[in-house]
Structure formats: C-alpha cells, structure tokens
>>> print(open('final_7.pdb').read())   # PDB, C-alpha atoms
ATOM      1  CA  MET A 502     119.125  84.478 124.774  1.00  0.00           C
ATOM      2  CA  SER A 503     117.908  85.729 128.119  1.00  0.00           C
ATOM      3  CA  ASN A 504     114.597  84.693 129.582  1.00  0.00           C
ATOM      4  CA  TYR A 505     113.303  88.202 128.882  1.00  0.00           C
ATOM      5  CA  HIS A 506     114.118  87.951 125.179  1.00  0.00           C
ATOM      6  CA  ARG A 507     112.652  84.461 124.959  1.00  0.00           C
ATOM      7  CA  TRP A 508     109.469  85.679 126.667  1.00  0.00           C
ATOM      8  CA  LEU A 509     109.292  88.766 124.428  1.00  0.00           C
ATOM      9  CA  TYR A 510     109.740  86.663 121.301  1.00  0.00           C
ATOM     10  CA  ASP A 511     107.078  84.191 122.446  1.00  0.00           C
ATOM     11  CA  GLN A 512     104.654  87.054 123.097  1.00  0.00           C
ATOM     12  CA  PHE A 513     105.414  88.528 119.691  1.00  0.00           C
ATOM     13  CA  VAL A 514     104.642  85.252 117.914  1.00  0.00           C
ATOM     14  CA  ILE A 515     101.431  84.700 119.891  1.00  0.00           C
ATOM     15  CA  VAL A 516     100.144  88.230 119.291  1.00  0.00           C
ATOM     16  CA  SER A 517     101.127  88.024 115.621  1.00  0.00           C
ATOM     17  CA  GLY A 518      99.007  84.914 115.276  1.00  0.00           C
ATOM     18  CA  VAL A 519      96.001  86.503 116.980  1.00  0.00           C
ATOM     19  CA  ILE A 520      96.194  90.020 115.528  1.00  0.00           C
ATOM     20  CA  VAL A 521      94.455  89.062 112.272  1.00  0.00           C
ATOM     21  CA  LEU A 522      91.508  87.623 114.194  1.00  0.00           C
ATOM     22  CA  VAL A 523      91.228  90.705 116.392  1.00  0.00           C
ATOM     23  CA  VAL A 524      91.255  93.032 113.384  1.00  0.00           C
ATOM     24  CA  TYR A 525      88.733  90.814 111.556  1.00  0.00           C
ATOM     25  CA  PHE A 526      86.271  90.799 114.450  1.00  0.00           C
ATOM     26  CA  ARG A 527      86.704  94.551 114.972  1.00  0.00           C
ATOM     27  CA  VAL A 528      85.956  95.243 111.306  1.00  0.00           C
ATOM     28  CA  GLN A 529      82.896  92.979 111.481  1.00  0.00           C
ATOM     29  CA  GLN A 530      81.742  94.821 114.593  1.00  0.00           C
ATOM     30  CA  GLN A 531      82.153  98.202 112.889  1.00  0.00           C
ATOM     31  CA  ALA A 532      80.319  97.046 109.744  1.00  0.00           C
ATOM     32  CA  SER A 533      76.990  98.296 111.101  1.00  0.00           C
ATOM     33  CA  ASP A 534      78.283 101.884 111.455  1.00  0.00           C
ATOM     34  CA  PRO A 535      77.422 103.951 108.328  1.00  0.00           C
ATOM     35  CA  HIS A 536      80.531 106.133 108.661  1.00  0.00           C
ATOM     36  CA  PHE A 537      82.742 103.055 108.777  1.00  0.00           C
ATOM     37  CA  ARG A 538      80.970 101.516 105.768  1.00  0.00           C
ATOM     38  CA  GLN A 539      81.557 104.716 103.791  1.00  0.00           C
ATOM     39  CA  ALA A 540      85.228 104.788 104.812  1.00  0.00           C
ATOM     40  CA  TRP A 541      85.579 101.103 103.897  1.00  0.00           C
ATOM     41  CA  ARG A 542      83.959 101.719 100.502  1.00  0.00           C
ATOM     42  CA  ASP A 543      86.303 104.660  99.912  1.00  0.00           C
ATOM     43  CA  TYR A 544      89.288 102.477 100.842  1.00  0.00           C
ATOM     44  CA  ILE A 545      88.158  99.773  98.412  1.00  0.00           C
ATOM     45  CA  ASP A 546      87.533 102.286  95.610  1.00  0.00           C
ATOM     46  CA  ALA A 547      90.867 104.063  96.086  1.00  0.00           C
ATOM     47  CA  ASN A 548      92.813 100.801  95.990  1.00  0.00           C
ATOM     48  CA  ALA A 549      90.840  99.502  93.006  1.00  0.00           C
ATOM     49  CA  LYS A 550      91.431 102.738  91.096  1.00  0.00           C
ATOM     50  CA  PHE A 551      95.150 102.611  91.862  1.00  0.00           C
ATOM     51  CA  LYS A 552      95.259  98.986  90.736  1.00  0.00           C
ATOM     52  CA  PHE A 553      93.382  99.949  87.574  1.00  0.00           C
ATOM     53  CA  TYR A 554      95.867 102.786  86.960  1.00  0.00           C
ATOM     54  CA  ARG A 555      98.711 100.246  87.153  1.00  0.00           C
ATOM     55  CA  TYR A 556      96.731  98.006  84.796  1.00  0.00           C
ATOM     56  CA  VAL A 557      96.351 100.805  82.217  1.00  0.00           C
ATOM     57  CA  LYS A 558     100.068 101.643  82.425  1.00  0.00           C
ATOM     58  CA  ALA A 559     100.989  97.968  82.002  1.00  0.00           C
ATOM     59  CA  GLN A 560      98.577  97.584  79.059  1.00  0.00           C
ATOM     60  CA  GLN A 561     100.312 100.442  77.284  1.00  0.00           C
ATOM     61  CA  LYS A 562     103.478  98.332  77.451  1.00  0.00           C
ATOM     62  CA  ASN A 563     101.549  95.141  76.472  1.00  0.00           C
ATOM     63  CA  LYS A 564     102.104  93.509  79.853  1.00  0.00           C
ATOM     64  CA  LEU A 565     100.048  92.454  82.839  1.00  0.00           C
ATOM     65  CA  PRO A 566     100.549  94.411  86.066  1.00  0.00           C
ATOM     66  CA  PHE A 567     102.203  92.933  89.128  1.00  0.00           C
ATOM     67  CA  LEU A 568      99.626  91.245  91.404  1.00  0.00           C
ATOM     68  CA  HIS A 569      96.889  91.286  88.772  1.00  0.00           C
ATOM     69  CA  SER A 570      94.877  88.482  90.378  1.00  0.00           C
ATOM     70  CA  ALA A 571      93.319  88.361  93.829  1.00  0.00           C
ATOM     71  CA  VAL A 572      95.003  85.032  94.573  1.00  0.00           C
ATOM     72  CA  GLY A 573      98.434  86.452  93.782  1.00  0.00           C
ATOM     73  CA  GLU A 574      97.830  89.490  95.964  1.00  0.00           C
ATOM     74  CA  PHE A 575      96.508  87.328  98.794  1.00  0.00           C
ATOM     75  CA  LEU A 576      99.576  85.089  98.655  1.00  0.00           C
ATOM     76  CA  CYS A 577     101.913  88.081  98.515  1.00  0.00           C
ATOM     77  CA  VAL A 578     100.314  89.699 101.578  1.00  0.00           C
ATOM     78  CA  MET A 579     100.416  86.390 103.470  1.00  0.00           C
ATOM     79  CA  CYS A 580     104.113  86.021 102.633  1.00  0.00           C
ATOM     80  CA  PHE A 581     104.780  89.515 103.975  1.00  0.00           C
ATOM     81  CA  CYS A 582     102.932  88.694 107.218  1.00  0.00           C
ATOM     82  CA  VAL A 583     104.888  85.479 107.721  1.00  0.00           C
ATOM     83  CA  GLY A 584     108.072  87.235 106.606  1.00  0.00           C
ATOM     84  CA  LEU A 585     107.725  89.877 109.316  1.00  0.00           C
ATOM     85  CA  VAL A 586     107.527  87.223 112.011  1.00  0.00           C
ATOM     86  CA  CYS A 587     110.430  85.261 110.509  1.00  0.00           C
ATOM     87  CA  PHE A 588     112.580  88.376 110.165  1.00  0.00           C
ATOM     88  CA  TYR A 589     112.073  89.227 113.818  1.00  0.00           C
ATOM     89  CA  SER A 590     113.053  85.688 114.745  1.00  0.00           C
ATOM     90  CA  MET A 591     116.294  86.230 112.829  1.00  0.00           C
ATOM     91  CA  LEU A 592     116.921  89.429 114.808  1.00  0.00           C
ATOM     92  CA  THR A 593     116.369  87.649 118.114  1.00  0.00           C
ATOM     93  CA  PRO A 594     119.654  86.336 119.500  1.00  0.00           C
ATOM     94  CA  SER A 595     120.013  82.562 119.748  1.00  0.00           C
ATOM     95  CA  ASP A 596     121.125  80.435 122.710  1.00  0.00           C
ATOM     96  CA  HIS A 597     124.392  79.535 120.970  1.00  0.00           C
ATOM     97  CA  GLU A 598     125.677  83.080 120.589  1.00  0.00           C
ATOM     98  CA  ARG A 599     127.952  84.319 123.329  1.00  0.00           C
ATOM     99  CA  ARG A 600     127.759  87.865 122.056  1.00  0.00           C
ATOM    100  CA  GLY A 601     124.509  89.344 120.896  1.00  0.00           C
ATOM    101  CA  SER A 602     123.455  92.524 119.307  1.00  0.00           C
ATOM    102  CA  PHE A 603     123.763  95.434 121.721  1.00  0.00           C
ATOM    103  CA  LEU A 604     120.616  96.993 120.296  1.00  0.00           C
ATOM    104  CA  LEU A 605     118.526  93.923 121.129  1.00  0.00           C
ATOM    105  CA  PHE A 606     120.210  92.789 124.332  1.00  0.00           C
ATOM    106  CA  GLY A 607     121.038  96.030 126.023  1.00  0.00           C
ATOM    107  CA  TRP A 608     118.541  98.606 124.920  1.00  0.00           C
ATOM    108  CA  TRP A 609     114.953  97.463 125.299  1.00  0.00           C
ATOM    109  CA  PRO A 610     113.368 100.608 123.713  1.00  0.00           C
ATOM    110  CA  ILE A 611     114.878  99.666 120.331  1.00  0.00           C
ATOM    111  CA  ASN A 612     113.475  96.156 120.681  1.00  0.00           C
ATOM    112  CA  ALA A 613     110.055  97.543 121.643  1.00  0.00           C
ATOM    113  CA  LEU A 614     110.168  99.984 118.696  1.00  0.00           C
ATOM    114  CA  ILE A 615     110.920  97.160 116.257  1.00  0.00           C
ATOM    115  CA  ILE A 616     108.027  95.113 117.645  1.00  0.00           C
ATOM    116  CA  GLY A 617     105.688  98.134 117.501  1.00  0.00           C
ATOM    117  CA  ILE A 618     106.560  98.767 113.864  1.00  0.00           C
ATOM    118  CA  TYR A 619     105.945  95.095 113.072  1.00  0.00           C
ATOM    119  CA  TYR A 620     102.541  95.181 114.796  1.00  0.00           C
ATOM    120  CA  GLN A 621     101.522  98.252 112.797  1.00  0.00           C
ATOM    121  CA  GLY A 622     102.575  96.491 109.597  1.00  0.00           C
ATOM    122  CA  GLN A 623     100.640  93.403 110.537  1.00  0.00           C
ATOM    123  CA  ILE A 624      97.493  95.427 111.206  1.00  0.00           C
ATOM    124  CA  TRP A 625      97.789  97.054 107.771  1.00  0.00           C
ATOM    125  CA  PHE A 626      98.351  93.651 106.152  1.00  0.00           C
ATOM    126  CA  ALA A 627      95.353  92.186 108.025  1.00  0.00           C
ATOM    127  CA  VAL A 628      93.092  94.972 106.743  1.00  0.00           C
ATOM    128  CA  ARG A 629      94.464  94.444 103.242  1.00  0.00           C
ATOM    129  CA  LEU A 630      93.774  90.692 103.469  1.00  0.00           C
ATOM    130  CA  MET A 631      90.145  91.403 104.341  1.00  0.00           C
ATOM    131  CA  ALA A 632      89.798  93.820 101.434  1.00  0.00           C
ATOM    132  CA  VAL A 633      91.552  91.814  98.692  1.00  0.00           C
ATOM    133  CA  ARG A 634      88.418  90.139  97.361  1.00  0.00           C
ATOM    134  CA  GLN A 635      86.369  93.341  97.316  1.00  0.00           C
ATOM    135  CA  ILE A 636      89.198  95.316  95.714  1.00  0.00           C
ATOM    136  CA  SER A 637      89.511  92.646  93.030  1.00  0.00           C
ATOM    137  CA  LYS A 638      85.792  92.735  92.263  1.00  0.00           C
ATOM    138  CA  ARG A 639      85.828  96.520  91.938  1.00  0.00           C
ATOM    139  CA  TYR A 640      89.038  96.373  89.888  1.00  0.00           C
ATOM    140  CA  LEU A 641      87.532  93.846  87.460  1.00  0.00           C
ATOM    141  CA  ARG A 642      84.437  96.045  87.089  1.00  0.00           C
ATOM    142  CA  LEU A 643      86.686  98.974  86.186  1.00  0.00           C
ATOM    143  CA  ILE A 644      88.444  96.811  83.588  1.00  0.00           C
ATOM    144  CA  GLN A 645      85.088  95.740  82.129  1.00  0.00           C
ATOM    145  CA  LYS A 646      83.894  99.353  81.940  1.00  0.00           C
ATOM    146  CA  GLU A 647      87.117 100.364  80.216  1.00  0.00           C
ATOM    147  CA  ALA A 648      86.786  97.479  77.749  1.00  0.00           C
ATOM    148  CA  ALA A 649      83.169  98.431  77.010  1.00  0.00           C
ATOM    149  CA  LEU A 650      84.220 101.990  76.191  1.00  0.00           C
ATOM    150  CA  ARG A 651      86.687 100.805  73.539  1.00  0.00           C
TER     151      ARG A 651
END
>>> encode(input="final_7.pdb", output="structure tokens")
Amino acid sequence: MSNYHRWLYDQFVIVSGVIVLVVYFRVQQQASDPHFRQAWRDYIDANAKFKFYRYVKAQQKNKLPFLHSAVGEFLCVMCFCVGLVCFYSMLTPSDHERRGSFLLFGWWPINALIIGIYYQGQIWFAVRLMAVRQISKRYLRLIQKEAALR
C-alpha cells in the first residue's frame, strides 16, 4: 500500500467516525427553522407510514415485519455504517500484496468515487439513526389507531 492509499484510508476512517456528529449538530442547529421542522415531520411520517404498510402486509400473512422494533432497526443501521467502513478497508490494498487492484492503485477518480458514495450512504444512515426513535413512536401510534378501529 502506498503512502497515498494509507493516508486516504486513514482520512476515510477519521471522517467516517466524525460524520455522524457533524450531521447530528447540523440537524440540531436547523431544528429552530420552521421549514426544516416541517420537512423533518414529513420525513418521519412518510417512513412511519411505509413501516406501517409493511406491518399490515406482514399481518395479513400472520407474521411480524422485518425491523419491527426500534432497537432492531437501530442495530441494523449501525451494522450498515460499520460495514461500509469495513468493506472499504477490504478494498484497500494491503502491505503484503505485490500486485494490487488497478482501479484502486492506478486510477484515483475511481477511489474518490467509491469514497464519495460511502460518505453519501453514511450521511443517509446518520439521518436515519437520528429519526429511528421518532419513526418508531409514530409507527406505534399508527398501529394503535388501526387496532382501535377493529
């Protein structure tokens, strides 16, 4: 592994560790804006309604939907976040390899594209982590309303 690739991998891991905090503080900063609050509420409602739709479909088959609980969804999202970082580490060539992947060693735009895609995924996962509890509360209210109508 060249010094450039080692440096790039180190930067990727550091930024991946900090990106959740940056997104969290940015969301907290935007919380006072009424347009952002409305967009956040719409995001929560849309995800809760989709989760409720999966719940109704699973109930028709007498099953529970995948990621029914907030804890399960939180753990799944955390595993995806850690998995993205681990997968990139598997793509990064090691010191013991004499030959590396041409796409990673020779063509830096491919490497930068992979990292950019991972950062976008991590931002989406960070937003989802912040919304899991609120989505679950809204989802459980929808289930209670549906049960009351029966």
>>> resolve_selection(input="final_7.pdb", expression="the PyMOL selection byres ((chain A and resi 544) around 12)", output="PDB file with C-alpha atoms, in the frame of the given file")
ATOM      1  CA  PHE A 537      82.742 103.055 108.777  1.00  0.00           C
ATOM      2  CA  ARG A 538      80.970 101.516 105.768  1.00  0.00           C
ATOM      3  CA  GLN A 539      81.557 104.716 103.791  1.00  0.00           C
ATOM      4  CA  ALA A 540      85.228 104.788 104.812  1.00  0.00           C
ATOM      5  CA  TRP A 541      85.579 101.103 103.897  1.00  0.00           C
ATOM      6  CA  ARG A 542      83.959 101.719 100.502  1.00  0.00           C
ATOM      7  CA  ASP A 543      86.303 104.660  99.912  1.00  0.00           C
ATOM      8  CA  ILE A 545      88.158  99.773  98.412  1.00  0.00           C
ATOM      9  CA  ASP A 546      87.533 102.286  95.610  1.00  0.00           C
ATOM     10  CA  ALA A 547      90.867 104.063  96.086  1.00  0.00           C
ATOM     11  CA  ASN A 548      92.813 100.801  95.990  1.00  0.00           C
ATOM     12  CA  ALA A 549      90.840  99.502  93.006  1.00  0.00           C
ATOM     13  CA  LYS A 550      91.431 102.738  91.096  1.00  0.00           C
ATOM     14  CA  PHE A 551      95.150 102.611  91.862  1.00  0.00           C
ATOM     15  CA  VAL A 628      93.092  94.972 106.743  1.00  0.00           C
ATOM     16  CA  ARG A 629      94.464  94.444 103.242  1.00  0.00           C
ATOM     17  CA  MET A 631      90.145  91.403 104.341  1.00  0.00           C
ATOM     18  CA  ALA A 632      89.798  93.820 101.434  1.00  0.00           C
ATOM     19  CA  VAL A 633      91.552  91.814  98.692  1.00  0.00           C
ATOM     20  CA  GLN A 635      86.369  93.341  97.316  1.00  0.00           C
ATOM     21  CA  ILE A 636      89.198  95.316  95.714  1.00  0.00           C
ATOM     22  CA  ARG A 639      85.828  96.520  91.938  1.00  0.00           C
TER      23      ARG A 639
END
>>> resolve_selection(input="final_7.pdb", expression="the PyMOL selection byres ((chain A and resi 520-524) around 9)", output="PDB file with C-alpha atoms, in the coordinates of the input")
ATOM      1  CA  ILE A 515     101.431  84.700 119.891  1.00  0.00           C
ATOM      2  CA  VAL A 516     100.144  88.230 119.291  1.00  0.00           C
ATOM      3  CA  SER A 517     101.127  88.024 115.621  1.00  0.00           C
ATOM      4  CA  GLY A 518      99.007  84.914 115.276  1.00  0.00           C
ATOM      5  CA  VAL A 519      96.001  86.503 116.980  1.00  0.00           C
ATOM      6  CA  TYR A 525      88.733  90.814 111.556  1.00  0.00           C
ATOM      7  CA  PHE A 526      86.271  90.799 114.450  1.00  0.00           C
ATOM      8  CA  ARG A 527      86.704  94.551 114.972  1.00  0.00           C
ATOM      9  CA  VAL A 528      85.956  95.243 111.306  1.00  0.00           C
ATOM     10  CA  GLN A 529      82.896  92.979 111.481  1.00  0.00           C
ATOM     11  CA  TYR A 620     102.541  95.181 114.796  1.00  0.00           C
ATOM     12  CA  GLN A 623     100.640  93.403 110.537  1.00  0.00           C
ATOM     13  CA  ILE A 624      97.493  95.427 111.206  1.00  0.00           C
ATOM     14  CA  PHE A 626      98.351  93.651 106.152  1.00  0.00           C
ATOM     15  CA  ALA A 627      95.353  92.186 108.025  1.00  0.00           C
ATOM     16  CA  VAL A 628      93.092  94.972 106.743  1.00  0.00           C
ATOM     17  CA  LEU A 630      93.774  90.692 103.469  1.00  0.00           C
TER      18      LEU A 630
END
>>> resolve_selection(input="final_7.pdb", expression="the PyMOL selection byres ((chain A and resi 554) around 12)", output="list in words")
Ala547, Asn548, Ala549, Lys550, Phe551, Lys552, Phe553, Arg555, Tyr556, Val557, Lys558, Ala559, Gln560, Gln561, Leu565, Pro566, Phe567, His569, Tyr640, Leu643, Ile644 and Glu647 of chain A
>>> residues_around(input="final_7.pdb", residues="Phe513 of chain A", least_positions_apart="6", cutoff="9 Å", atoms="only C-alpha atoms", output="compact mmCIF listing (two decimals) with C-alpha atoms, in the frame of the given file")
# COMPACT_ATOMS: atom_id res chain seq x y z
CA VAL A 586 107.53 87.22 112.01
CA TYR A 589 112.07 89.23 113.82
CA ILE A 616 108.03 95.11 117.64
CA TYR A 620 102.54 95.18 114.80
>>> decode(input="final_7.pdb", residues="segment 520-561 of chain A", atoms="N, CA and C atoms", output="mmCIF file, in the first residue's frame")
data_model
loop_
_atom_site.group_PDB
_atom_site.id
_atom_site.type_symbol
_atom_site.label_atom_id
_atom_site.label_comp_id
_atom_site.auth_asym_id
_atom_site.auth_seq_id
_atom_site.Cartn_x
_atom_site.Cartn_y
_atom_site.Cartn_z
ATOM 1 N N ILE A 520 -18.521 11.975 10.955
ATOM 2 C CA ILE A 520 -19.644 12.407 10.111
ATOM 3 C C ILE A 520 -20.986 12.351 10.850
ATOM 4 N N VAL A 521 -21.172 11.386 11.713
ATOM 5 C CA VAL A 521 -22.427 11.292 12.468
ATOM 6 C C VAL A 521 -22.567 12.490 13.404
ATOM 7 N N LEU A 522 -21.484 12.890 14.036
ATOM 8 C CA LEU A 522 -21.546 14.060 14.921
ATOM 9 C C LEU A 522 -21.835 15.338 14.149
ATOM 10 N N VAL A 523 -21.226 15.491 12.995
ATOM 11 C CA VAL A 523 -21.461 16.684 12.181
ATOM 12 C C VAL A 523 -22.924 16.755 11.743
ATOM 13 N N VAL A 524 -23.458 15.639 11.276
ATOM 14 C CA VAL A 524 -24.861 15.617 10.851
ATOM 15 C C VAL A 524 -25.771 15.879 12.046
ATOM 16 N N TYR A 525 -25.477 15.293 13.203
ATOM 17 C CA TYR A 525 -26.289 15.498 14.396
ATOM 18 C C TYR A 525 -26.335 16.977 14.789
ATOM 19 N N PHE A 526 -25.162 17.615 14.850
ATOM 20 C CA PHE A 526 -25.136 19.017 15.246
ATOM 21 C C PHE A 526 -25.790 19.912 14.194
ATOM 22 N N ARG A 527 -25.684 19.551 12.932
ATOM 23 C CA ARG A 527 -26.343 20.337 11.878
ATOM 24 C C ARG A 527 -27.867 20.212 11.980
ATOM 25 N N VAL A 528 -28.354 19.029 12.254
ATOM 26 C CA VAL A 528 -29.800 18.842 12.426
ATOM 27 C C VAL A 528 -30.288 19.613 13.653
ATOM 28 N N GLN A 529 -29.524 19.572 14.736
ATOM 29 C CA GLN A 529 -29.909 20.324 15.936
ATOM 30 C C GLN A 529 -29.918 21.821 15.670
ATOM 31 N N GLN A 530 -28.971 22.283 14.857
ATOM 32 C CA GLN A 530 -28.910 23.700 14.513
ATOM 33 C C GLN A 530 -30.109 24.103 13.656
ATOM 34 N N GLN A 531 -30.536 23.235 12.766
ATOM 35 C CA GLN A 531 -31.651 23.532 11.874
ATOM 36 C C GLN A 531 -33.008 23.352 12.557
ATOM 37 N N ALA A 532 -33.033 22.788 13.745
ATOM 38 C CA ALA A 532 -34.296 22.484 14.423
ATOM 39 C C ALA A 532 -35.133 23.722 14.712
ATOM 40 N N SER A 533 -34.532 24.890 14.748
ATOM 41 C CA SER A 533 -35.298 26.106 15.027
ATOM 42 C C SER A 533 -35.974 26.664 13.770
ATOM 43 N N ASP A 534 -35.598 26.190 12.604
ATOM 44 C CA ASP A 534 -36.183 26.658 11.341
ATOM 45 C C ASP A 534 -37.518 25.942 11.099
ATOM 46 N N PRO A 535 -38.627 26.708 10.922
ATOM 47 C CA PRO A 535 -39.934 26.053 10.742
ATOM 48 C C PRO A 535 -40.023 25.207 9.468
ATOM 49 N N HIS A 536 -39.349 25.611 8.408
ATOM 50 C CA HIS A 536 -39.376 24.822 7.176
ATOM 51 C C HIS A 536 -38.672 23.475 7.379
ATOM 52 N N PHE A 537 -37.572 23.512 8.113
ATOM 53 C CA PHE A 537 -36.859 22.263 8.398
ATOM 54 C C PHE A 537 -37.697 21.354 9.289
ATOM 55 N N ARG A 538 -38.345 21.934 10.308
ATOM 56 C CA ARG A 538 -39.190 21.122 11.196
ATOM 57 C C ARG A 538 -40.315 20.450 10.420
ATOM 58 N N GLN A 539 -40.914 21.183 9.469
ATOM 59 C CA GLN A 539 -41.976 20.599 8.656
ATOM 60 C C GLN A 539 -41.419 19.475 7.775
ATOM 61 N N ALA A 540 -40.257 19.700 7.186
ATOM 62 C CA ALA A 540 -39.641 18.663 6.349
ATOM 63 C C ALA A 540 -39.278 17.442 7.192
ATOM 64 N N TRP A 541 -38.784 17.674 8.398
ATOM 65 C CA TRP A 541 -38.427 16.570 9.296
ATOM 66 C C TRP A 541 -39.676 15.771 9.685
ATOM 67 N N ARG A 542 -40.762 16.492 9.993
ATOM 68 C CA ARG A 542 -42.017 15.833 10.343
ATOM 69 C C ARG A 542 -42.547 15.015 9.163
ATOM 70 N N ASP A 543 -42.433 15.571 7.963
ATOM 71 C CA ASP A 543 -42.859 14.835 6.767
ATOM 72 C C ASP A 543 -42.010 13.583 6.557
ATOM 73 N N TYR A 544 -40.714 13.698 6.802
ATOM 74 C CA TYR A 544 -39.812 12.544 6.681
ATOM 75 C C TYR A 544 -40.205 11.449 7.676
ATOM 76 N N ILE A 545 -40.466 11.853 8.904
ATOM 77 C CA ILE A 545 -40.866 10.902 9.951
ATOM 78 C C ILE A 545 -42.186 10.239 9.573
ATOM 79 N N ASP A 546 -43.162 11.031 9.160
ATOM 80 C CA ASP A 546 -44.479 10.487 8.797
ATOM 81 C C ASP A 546 -44.387 9.534 7.612
ATOM 82 N N ALA A 547 -43.635 9.905 6.590
ATOM 83 C CA ALA A 547 -43.521 9.043 5.407
ATOM 84 C C ALA A 547 -42.890 7.703 5.765
ATOM 85 N N ASN A 548 -41.842 7.729 6.573
ATOM 86 C CA ASN A 548 -41.192 6.478 6.966
ATOM 87 C C ASN A 548 -42.079 5.650 7.885
ATOM 88 N N ALA A 549 -42.806 6.313 8.785
ATOM 89 C CA ALA A 549 -43.706 5.578 9.677
ATOM 90 C C ALA A 549 -44.848 4.945 8.889
ATOM 91 N N LYS A 550 -45.373 5.666 7.909
ATOM 92 C CA LYS A 550 -46.456 5.105 7.093
ATOM 93 C C LYS A 550 -45.977 3.934 6.254
ATOM 94 N N PHE A 551 -44.745 4.030 5.732
ATOM 95 C CA PHE A 551 -44.200 2.909 4.967
ATOM 96 C C PHE A 551 -43.976 1.697 5.875
ATOM 97 N N LYS A 552 -43.480 1.957 7.079
ATOM 98 C CA LYS A 552 -43.281 0.877 8.042
ATOM 99 C C LYS A 552 -44.619 0.251 8.433
ATOM 100 N N PHE A 553 -45.638 1.094 8.587
ATOM 101 C CA PHE A 553 -46.971 0.586 8.909
ATOM 102 C C PHE A 553 -47.529 -0.230 7.746
ATOM 103 N N TYR A 554 -47.283 0.196 6.523
ATOM 104 C CA TYR A 554 -47.720 -0.563 5.342
ATOM 105 C C TYR A 554 -47.084 -1.961 5.343
ATOM 106 N N ARG A 555 -45.788 -2.022 5.663
ATOM 107 C CA ARG A 555 -45.127 -3.333 5.761
ATOM 108 C C ARG A 555 -45.728 -4.151 6.894
ATOM 109 N N TYR A 556 -46.100 -3.483 7.988
ATOM 110 C CA TYR A 556 -46.714 -4.168 9.119
ATOM 111 C C TYR A 556 -48.050 -4.786 8.707
ATOM 112 N N VAL A 557 -48.873 -4.024 7.993
ATOM 113 C CA VAL A 557 -50.188 -4.520 7.556
ATOM 114 C C VAL A 557 -50.013 -5.711 6.618
ATOM 115 N N LYS A 558 -49.069 -5.611 5.685
ATOM 116 C CA LYS A 558 -48.820 -6.724 4.758
ATOM 117 C C LYS A 558 -48.336 -7.970 5.508
ATOM 118 N N ALA A 559 -47.483 -7.771 6.508
ATOM 119 C CA ALA A 559 -46.987 -8.912 7.286
ATOM 120 C C ALA A 559 -48.101 -9.503 8.153
ATOM 121 N N GLN A 560 -48.998 -8.666 8.679
ATOM 122 C CA GLN A 560 -50.097 -9.159 9.499
ATOM 123 C C GLN A 560 -51.062 -10.004 8.685
ATOM 124 N N GLN A 561 -51.219 -9.680 7.415
ATOM 125 C CA GLN A 561 -52.069 -10.487 6.552
ATOM 126 C C GLN A 561 -51.517 -11.897 6.396
#
